[in-house]
Amino acid sequence: MFYRENGQFKTSYAADQQIFPVMQDRLAVLGLLVLAFVAVPALAPEYLFRAILIPFLILSLAALGLNVLVGYCGQISLGTGGLMAVGAYGAYNILVRIDGVPLIVALLMGGVFAALVGVLFGIPSLRIRGLYLAVATLAAQFFCDWSFLRIKWLTNYSSSGSVSVAGLNVFGWSVDTPAEKYLLCLLLVCLFALITKNLIRGHIGREWMAIRDMDVAAAVIGIRPVYAKLSAFAVSSFIIGVAGALWGFVFLGSWEPAAFNIDRSFQLLFMIIIGGLGSVMGSFFGAAFIVVLPILLDQGAVALGFDTAIASHLTLMIFGSLIVFFLIAEPHGLARLWAVGKEKLRLWPFPH
Amino acid sequence: MSFVPTWERQTDMGFFLETLIGGLMSGILYSLVALGFVLIYKASGVFNFAQGAMVLFSALAMARLAEWIPHWFGFQNLVLANILAFIGALMIMVVVAWLIEKLVLGRLVNQEGITLLMATLGITYFLDGFGQLLFGAEIYKIDVGMPKEPIFLLEHMFQGGILVNQEDLAATVVAAALVAGLAMFFQYTVTGRALRAVADDHQAAQSIGIPLDRIWVIVWSVAGFVALVAGVIWGSKLGVQFSLSLIALKALPVVILGGLTSVPGAIIGGLLIGVGEKLSEVFIGPMLGGGIEIWFAYVLALFFLLIRPQGLFGEKIIDRV
């Protein structure tokens with residue numbers, strides 16, 4: 001009754017092309033932003049920031065990056081964890097080796113390094129496709145794991161590759177409390193989500209989607225596969241690298257290569273599949289689901305009085321079955337459920 | 001030309017051969033795991049990430065049943081206990097295969113490859129948790145009476161001979177027998193022919209009356225059987241523990257190197273990766289700081305794929321618009 005677009009006439013191309021064409025959507029997004037930027041930092045308890053909000057934001061950024069590659073360009077990648085590690089250690093090296101470099105520059109440089117490595121390991125995608133490519137990208141994962149463990153220069157000669165960062169400072173704003181860390185992440189996530197959305201709406205996004213749908217046909221109509229695939233790898237790896245740097249700097253504070261192992265890659269792939277491939281919104285849904293679910297399961301199992309070993313096994317089992325259940329119930333992810341819900345809402349309360 | 005004493009050159013050669021044989025033997029074990037991947041991929045188009053979890057699950061079942069069965073029935077015969085435990089574990093794997101088909105894959109027919117892949121990852125989590133909940137999470141031993149003492153070969157040719165583990169040798173024989181048996185099964189039985197038909201074309205097979213769901217249960221059971229054999233061999237070598245489920249990650253480059261759809265590819269790929277891994281670790285590893293085993297296989301497979309995108313023996317990928 002309240003959610004419908006009739007009566008909202010568009011009189012210019014700009015108005016027709018905006019991201020949220022329906023006024024109610026714009027109001028809802030505005031409300032959400034006010035809530036996230038003003039109400040949450042003022043009201044939320046510290047535990048909520050540490051355990052849920054900050055990991056959720058950073059992982060949804062990484063999921064967004066992965067979604068560009070898998071969801072929009074159709075190249076399955078299992079090397080995400082490795083690229084996050086490149087971002088984290090790259091940013092760390094910039095911060096340590098160059099005096100007085102601003103934090104934001106270091107984070108972005110982490111993204112640049114990740115983009116370079118991503119393009120390097122994306123080159124096989126020009127020859128290899130589908131599941132073969134998925135396994136081939138594991139090479140990136142294991143190679144990165146190994147490099148940060150064995151090549152001492154990369155970790156500034158610290159033992160077992162564990163490094164730490166203290167005193168985050170963004171142009172004079174020192175980011176100490178969890179609420180401030182949350183705000184920093186939120187800012188970057190909003191920025192990158194906007195950039196990504198616009199890239200996808202633009203001509204390069206259309207090229208990616210053409211390649212995803214069928215690369216031979218795309219090549220026939222004049223899209224250069226080399227350029228489209230490698231640019232998808234670069235953009236995706238850049239975002240993932242920044243997310244990795246944030247994960248190290250803001251969430252962990254001190255970390256070692258194991259923080260970015262292959263489980264992280266699988267986790268991110270779960271996020272975009274459960275959230276919805278080829279959907280910016282879906283990356284956020286998926287990240288929320290995968291971050292919150294294990295916490296709930298753990299708390300639930302402990303509350304029911306199982307001891308920790310049994311609880312962890314039960315958590316694994318329930319997590320696995322829920323994933324399978326979701327894949328069966330809605331193979332297109334939570335984003336599809338959301339879209340269906342919105343369609344229903346337009347008609348509500350009338351049947352037609 | 002500098003003078004190299006004859007005996008020293010010969011021991012180098014001996015060392016090389018020793019590494020080579022060690023590589024071949026671990027390669028056979030990779031092949032076993034890779035075989036499970038290939039069987040399922042051929043018959044149902046599912047890239048079964050849960051193969052490693054199945055290895056762990058079946059090995060756990062085998063280890064614990066071998067412990068429990070003598071206890072339940074009150075006898076002390078190790079051989080009998082092992083045989084009963086093997087049959088019991090096999091039955092469990094058949095039930096698991098049936099459940100996977102009924103509850104998961106049967107409901108995901110016609111989905112994209114990546115969705116199926118993620119579903120098998122879900123199964124992996126479930127099996128890891130369930131196996132350890134049911135059978136315990138300690139390190140268990142499987143003792144099937146494999147000979148442990150190393151033997152020395154070709155002692156008259158090389159100083160000190162070549163050191164070979166009898167255990168590895170036995171494992172190799174078992175693996176070779178299994179592969180031969182599977183090849184016969186696929187080639188000469190009615191079920192095997194039906195399996196090959198399904199692998200070639202689902203729809204055509206269904207249209208001539210081959211029941212797809214039953215075939216899939218059979219394939220997953222066979223993969224479960226292969227997993228059990230691999231689990232028993234690895235388990236008796238290294239002990240049954242959680243890390244066993246990670247050998248799936250070792251088998252992945254083998255599968256893509258050999259080609260996802262090729263049984264001989266899995267065997268030869270396994271041997272290549274096994275040998276490449278061991279030789280590189282020994283001869284290149286020290287230059288790079290060691291531990292290169294974890295990524296070397298992947299990079300090797302990657303370079304192979306750049307030349308042949310479908311793997312060594314995979315079906316040629318034909319693009320049609």
# chains A, B, ... in the order shown; residues from 1 in each chain; ligands from 1
$ closest_atom_pairs --of "chain B" --to "chain A" --cutoff "8 Å" --atoms "only C-alpha atoms" --output "Markdown table"
| residue | atom | partner | partner_atom | distance |
| --- | --- | --- | --- | --- |
| B:Phe47 | CA | A:Leu131 | CA | 7.8 |
| B:Val104 | CA | A:Val324 | CA | 7.0 |
| B:Arg107 | CA | A:Ile328 | CA | 6.4 |
| B:Leu108 | CA | A:Ile328 | CA | 6.2 |
| B:Gln111 | CA | A:Pro331 | CA | 7.8 |
| B:Gly113 | CA | A:Leu131 | CA | 7.9 |
| B:Ile114 | CA | A:Ile76 | CA | 7.9 |
| B:Thr115 | CA | A:Leu327 | CA | 7.0 |
| B:Met118 | CA | A:Phe270 | CA | 7.1 |
| B:Ala119 | CA | A:Val324 | CA | 5.3 |
| B:Leu121 | CA | A:Gly320 | CA | 7.6 |
| B:Gly122 | CA | A:Gly320 | CA | 4.1 |
| B:Ile123 | CA | A:Gly320 | CA | 5.9 |
| B:Thr124 | CA | A:Gly320 | CA | 7.2 |
| B:Tyr125 | CA | A:Gly320 | CA | 4.9 |
| B:Phe126 | CA | A:Met317 | CA | 4.0 |
| B:Leu127 | CA | A:Met317 | CA | 7.1 |
| B:Asp128 | CA | A:Leu316 | CA | 7.4 |
| B:Gly129 | CA | A:His313 | CA | 4.3 |
| B:Phe130 | CA | A:Met317 | CA | 6.1 |
| B:Gln132 | CA | A:His313 | CA | 6.8 |
| B:Leu133 | CA | A:His313 | CA | 6.0 |
| B:Leu252 | CA | A:Val135 | CA | 6.7 |
| B:Pro253 | CA | A:Val135 | CA | 6.9 |
| B:Ile256 | CA | A:Tyr132 | CA | 6.0 |
| B:Gly289 | CA | A:Arg150 | CA | 6.4 |
| B:Gly290 | CA | A:Arg150 | CA | 7.8 |
| B:Gly291 | CA | A:Trp146 | CA | 7.7 |
| B:Ile292 | CA | A:Trp146 | CA | 7.3 |
| B:Ile294 | CA | A:Phe142 | CA | 6.4 |
| B:Trp295 | CA | A:Phe142 | CA | 5.2 |
| B:Tyr298 | CA | A:Ala139 | CA | 5.0 |
| B:Val299 | CA | A:Ala139 | CA | 5.9 |
| B:Ala301 | CA | A:Ala136 | CA | 7.5 |
| B:Leu302 | CA | A:Ala136 | CA | 5.8 |
| B:Leu305 | CA | A:Ile128 | CA | 6.9 |
| B:Leu306 | CA | A:Arg127 | CA | 6.2 |
| B:Pro309 | CA | A:Ile128 | CA | 5.3 |
| B:Gln310 | CA | A:Ile128 | CA | 7.8 |
| B:Asp319 | CA | A:Val216 | CA | 7.0 |
| B:Arg320 | CA | A:Val216 | CA | 7.7 |
| B:Val321 | CA | A:Ala217 | CA | 5.7 |
$ residues_around --residues "region 98-108 of chain A" --least-positions-apart "2" --cutoff "7 Å" --atoms "only C-alpha atoms" --output "list in words"
Ala91, Ile94, Leu95, Val96, Gly110, Gly111, Val112, Asn169, Val170, Phe171, Val242 and Ala245 of chain A
$ atom_distance --atom1 "CA of Phe251 (chain A)" --atom2 "CA of Leu188 (chain A)"
14.1 Å
$ residues_around --residues "Cys190 (chain A)" --least-positions-apart "2" --cutoff "12 Å" --atoms "only C-alpha atoms" --output "ChimeraX atom specification"
/A:29,32-33,36-37,57-58,60-61,64,183-188,192-197,280-281,284
$ residues_around --residues "region 174-179 of chain A" --least-positions-apart "5" --cutoff "9 Å" --atoms "only C-alpha atoms" --output "VMD selection string"
chain A and resid 40 to 42 44 46 to 47 49 to 50 54 167 to 169 184 250
$ write_last_selection --atoms "N, CA and C atoms" --output "mmCIF file, in the first residue's frame"
data_model
loop_
_atom_site.group_PDB
_atom_site.id
_atom_site.type_symbol
_atom_site.label_atom_id
_atom_site.label_comp_id
_atom_site.auth_asym_id
_atom_site.auth_seq_id
_atom_site.Cartn_x
_atom_site.Cartn_y
_atom_site.Cartn_z
ATOM 1 N N VAL A 40 23.888 4.011 15.906
ATOM 2 C CA VAL A 40 24.639 2.842 16.360
ATOM 3 C C VAL A 40 25.890 3.229 17.155
ATOM 4 N N PRO A 41 26.732 4.162 16.659
ATOM 5 C CA PRO A 41 27.913 4.509 17.449
ATOM 6 C C PRO A 41 27.558 5.071 18.825
ATOM 7 N N ALA A 42 26.403 5.741 18.914
ATOM 8 C CA ALA A 42 26.050 6.340 20.193
ATOM 9 C C ALA A 42 25.507 5.306 21.163
ATOM 10 N N ALA A 44 25.299 1.477 20.707
ATOM 11 C CA ALA A 44 25.633 0.057 20.769
ATOM 12 C C ALA A 44 26.690 -0.219 21.835
ATOM 13 N N GLU A 46 29.988 -2.176 23.576
ATOM 14 C CA GLU A 46 31.296 -2.430 22.987
ATOM 15 C C GLU A 46 31.391 -3.826 22.383
ATOM 16 N N TYR A 47 30.760 -4.803 23.047
ATOM 17 C CA TYR A 47 30.831 -6.179 22.571
ATOM 18 C C TYR A 47 30.272 -6.302 21.153
ATOM 19 N N PHE A 49 30.227 -4.083 18.783
ATOM 20 C CA PHE A 49 31.204 -3.610 17.793
ATOM 21 C C PHE A 49 32.253 -4.664 17.525
ATOM 22 N N ARG A 50 32.854 -5.163 18.626
ATOM 23 C CA ARG A 50 34.004 -6.055 18.484
ATOM 24 C C ARG A 50 33.640 -7.359 17.827
ATOM 25 N N ILE A 54 32.098 -4.872 13.455
ATOM 26 C CA ILE A 54 33.339 -4.639 12.707
ATOM 27 C C ILE A 54 33.656 -5.814 11.786
ATOM 28 N N GLY A 167 48.176 2.118 17.257
ATOM 29 C CA GLY A 167 47.932 3.550 17.094
ATOM 30 C C GLY A 167 47.499 3.935 15.713
ATOM 31 N N LEU A 168 46.265 3.588 15.346
ATOM 32 C CA LEU A 168 45.759 3.980 14.041
ATOM 33 C C LEU A 168 45.441 5.466 14.064
ATOM 34 N N ASN A 169 45.834 6.155 12.990
ATOM 35 C CA ASN A 169 45.638 7.595 12.958
ATOM 36 C C ASN A 169 45.289 8.017 11.537
ATOM 37 N N LEU A 184 35.235 4.114 10.945
ATOM 38 C CA LEU A 184 36.216 4.072 9.853
ATOM 39 C C LEU A 184 35.837 3.005 8.829
ATOM 40 N N VAL A 250 42.483 -3.095 11.700
ATOM 41 C CA VAL A 250 41.412 -2.613 12.564
ATOM 42 C C VAL A 250 40.846 -3.727 13.429
#
$ select_by_dssp --residues "region 21-144 of chain A" --states "alpha helix (DSSP H)" --output "PyMOL selection string"
chain A and resi 23-34+40-43+46-47+54-67+80-97+103-122+130-144
$ write_last_selection --atoms "C-alpha atoms" --output "short mmCIF file (atom, residue, chain, number, x, y, z; two decimals), in the first residue's frame"
data_model
loop_
_atom_site.label_atom_id
_atom_site.label_comp_id
_atom_site.auth_asym_id
_atom_site.auth_seq_id
_atom_site.Cartn_x
_atom_site.Cartn_y
_atom_site.Cartn_z
CA MET A 23 11.30 7.31 -3.38
CA GLN A 24 10.48 4.93 -0.54
CA ASP A 25 13.76 3.11 -1.18
CA ARG A 26 15.69 6.36 -1.01
CA LEU A 27 14.07 7.23 2.30
CA ALA A 28 14.79 3.75 3.66
CA VAL A 29 18.46 3.93 2.64
CA LEU A 30 18.77 7.41 4.13
CA GLY A 31 17.22 6.16 7.35
CA LEU A 32 19.61 3.20 7.38
CA LEU A 33 22.63 5.48 6.90
CA VAL A 34 21.51 7.79 9.72
CA VAL A 40 24.64 2.84 16.36
CA PRO A 41 27.91 4.51 17.45
CA ALA A 42 26.05 6.34 20.19
CA LEU A 43 24.05 3.44 21.54
CA GLU A 46 31.30 -2.43 22.99
CA TYR A 47 30.83 -6.18 22.57
CA ILE A 54 33.34 -4.64 12.71
CA PRO A 55 33.86 -8.17 11.34
CA PHE A 56 30.57 -7.91 9.51
CA LEU A 57 31.57 -4.66 7.80
CA ILE A 58 35.05 -5.80 6.81
CA LEU A 59 33.95 -9.19 5.56
CA SER A 60 31.09 -7.69 3.61
CA LEU A 61 33.66 -5.46 1.91
CA ALA A 62 35.69 -8.54 1.00
CA ALA A 63 32.54 -10.35 -0.11
CA LEU A 64 31.67 -7.37 -2.28
CA GLY A 65 35.08 -7.62 -3.93
CA LEU A 66 34.71 -11.34 -4.49
CA ASN A 67 31.21 -10.81 -5.86
CA THR A 80 40.51 -14.73 -1.61
CA GLY A 81 42.21 -15.42 1.70
CA GLY A 82 45.62 -15.14 0.08
CA LEU A 83 44.72 -11.82 -1.53
CA MET A 84 43.49 -10.49 1.81
CA ALA A 85 46.85 -11.47 3.26
CA VAL A 86 48.62 -9.61 0.45
CA GLY A 87 46.55 -6.54 1.27
CA ALA A 88 47.28 -6.76 4.99
CA TYR A 89 51.01 -7.40 4.68
CA GLY A 90 51.36 -4.93 1.82
CA ALA A 91 49.80 -2.17 3.90
CA TYR A 92 51.95 -3.19 6.83
CA ASN A 93 55.13 -2.97 4.78
CA ILE A 94 54.21 0.48 3.47
CA LEU A 95 53.50 1.67 6.99
CA VAL A 96 56.73 0.27 8.40
CA ARG A 97 59.13 1.14 5.58
CA LEU A 103 47.06 5.25 7.22
CA ILE A 104 44.57 5.61 4.39
CA VAL A 105 47.38 5.63 1.84
CA ALA A 106 48.82 2.47 3.38
CA LEU A 107 45.44 0.75 3.24
CA LEU A 108 44.92 1.71 -0.37
CA MET A 109 48.46 0.63 -1.27
CA GLY A 110 47.61 -2.75 0.28
CA GLY A 111 44.76 -2.86 -2.19
CA VAL A 112 47.12 -2.00 -5.05
CA PHE A 113 49.50 -4.82 -4.15
CA ALA A 114 46.58 -7.24 -3.94
CA ALA A 115 45.38 -6.03 -7.34
CA LEU A 116 48.81 -6.75 -8.85
CA VAL A 117 48.94 -10.23 -7.38
CA GLY A 118 45.32 -10.81 -8.37
CA VAL A 119 46.01 -9.89 -11.99
CA LEU A 120 49.06 -12.16 -12.01
CA PHE A 121 47.04 -15.14 -10.80
CA GLY A 122 44.16 -14.07 -13.02
CA GLY A 130 35.10 -23.01 -14.49
CA LEU A 131 36.17 -25.54 -11.90
CA TYR A 132 39.64 -25.87 -13.38
CA LEU A 133 40.10 -22.16 -12.71
CA ALA A 134 38.74 -22.51 -9.18
CA VAL A 135 41.40 -25.07 -8.38
CA ALA A 136 44.05 -23.05 -10.17
CA THR A 137 43.30 -20.02 -7.99
CA LEU A 138 44.09 -22.18 -4.98
CA ALA A 139 47.67 -21.81 -6.18
CA ALA A 140 47.44 -18.12 -5.24
CA GLN A 141 46.13 -19.04 -1.81
CA PHE A 142 48.87 -21.52 -0.98
CA PHE A 143 51.61 -19.45 -2.55
CA CYS A 144 50.65 -16.41 -0.46
#
$ residues_around --residues "Leu272 (chain B)" --least-positions-apart "4" --cutoff "10 Å" --atoms "only C-alpha atoms" --output "VMD selection string"
chain B and resid 23 to 24 27 to 28 31 254 257 to 258 266 to 268 276 to 277 297 300 to 301
$ atom_distance --atom1 "CA of Ala234 (chain A)" --atom2 "CA of Gly161 (chain A)"
25.9 Å
$ atom_distance --atom1 "CA of Leu84 (chain B)" --atom2 "CA of Phe225 (chain B)"
14.7 Å
$ residues_around --residues "Ala183 (chain B)" --least-positions-apart "4" --cutoff "10 Å" --atoms "only C-alpha atoms" --output "list in words"
Ala177, Leu178, Val179, Gln187, Tyr188, Gly192, Val263 and Pro264 of chain B
$ write_last_selection --atoms "N, CA and C atoms" --output "PDB file, in the first residue's frame"
ATOM      1  N   ALA B 177      45.732 -52.678  -7.295  1.00  0.00           N
ATOM      2  CA  ALA B 177      44.678 -53.684  -7.415  1.00  0.00           C
ATOM      3  C   ALA B 177      43.315 -53.011  -7.476  1.00  0.00           C
ATOM      4  N   LEU B 178      43.135 -51.996  -6.640  1.00  0.00           N
ATOM      5  CA  LEU B 178      41.856 -51.290  -6.592  1.00  0.00           C
ATOM      6  C   LEU B 178      41.555 -50.637  -7.939  1.00  0.00           C
ATOM      7  N   VAL B 179      42.566 -49.983  -8.483  1.00  0.00           N
ATOM      8  CA  VAL B 179      42.374 -49.292  -9.759  1.00  0.00           C
ATOM      9  C   VAL B 179      42.030 -50.295 -10.850  1.00  0.00           C
ATOM     10  N   GLN B 187      34.236 -51.611 -17.053  1.00  0.00           N
ATOM     11  CA  GLN B 187      34.290 -52.089 -18.431  1.00  0.00           C
ATOM     12  C   GLN B 187      33.366 -53.275 -18.667  1.00  0.00           C
ATOM     13  N   TYR B 188      33.253 -54.174 -17.683  1.00  0.00           N
ATOM     14  CA  TYR B 188      32.651 -55.474 -17.999  1.00  0.00           C
ATOM     15  C   TYR B 188      31.348 -55.779 -17.288  1.00  0.00           C
ATOM     16  N   GLY B 192      28.461 -51.185 -14.486  1.00  0.00           N
ATOM     17  CA  GLY B 192      29.549 -50.348 -14.962  1.00  0.00           C
ATOM     18  C   GLY B 192      29.190 -49.677 -16.280  1.00  0.00           C
ATOM     19  N   VAL B 263      39.756 -41.262 -15.624  1.00  0.00           N
ATOM     20  CA  VAL B 263      40.296 -42.137 -14.587  1.00  0.00           C
ATOM     21  C   VAL B 263      41.805 -42.351 -14.754  1.00  0.00           C
ATOM     22  N   PRO B 264      42.269 -42.699 -15.978  1.00  0.00           N
ATOM     23  CA  PRO B 264      43.724 -42.807 -16.120  1.00  0.00           C
ATOM     24  C   PRO B 264      44.426 -41.499 -15.787  1.00  0.00           C
TER      25      PRO B 264
END
$ select_by_dssp --residues "region 46-203 of chain B" --states "strand (DSSP E)" --output "PyMOL selection string"
chain B and resi 150-153+162-165
$ write_last_selection --atoms "C-alpha atoms" --output "PDB file, in the first residue's frame"
ATOM      1  CA  PRO B 150      62.057 -50.775   5.554  1.00  0.00           C
ATOM      2  CA  ILE B 151      63.862 -52.891   3.016  1.00  0.00           C
ATOM      3  CA  PHE B 152      66.884 -52.145   0.890  1.00  0.00           C
ATOM      4  CA  LEU B 153      66.836 -52.696  -2.840  1.00  0.00           C
ATOM      5  CA  ILE B 162      67.765 -47.791  -1.907  1.00  0.00           C
ATOM      6  CA  LEU B 163      65.595 -47.499   1.164  1.00  0.00           C
ATOM      7  CA  VAL B 164      61.968 -48.453   0.534  1.00  0.00           C
ATOM      8  CA  ASN B 165      59.201 -48.697   3.098  1.00  0.00           C
TER       9      ASN B 165
END
$ closest_residue --among "A:Trp247, A:Phe9, A:Tyr72, A:Phe238" --to "Phe260 (chain A)" --atoms "only C-alpha atoms"
A:Trp247
$ residues_around --residues "Val198 (chain B)" --least-positions-apart "6" --cutoff "8 Å" --atoms "only C-alpha atoms" --output "list of chain:residue names"
B:Ala43, B:Ser44, B:Ala204, B:Ala205, B:Gln206, B:Ile210, B:Leu212, B:Ile215
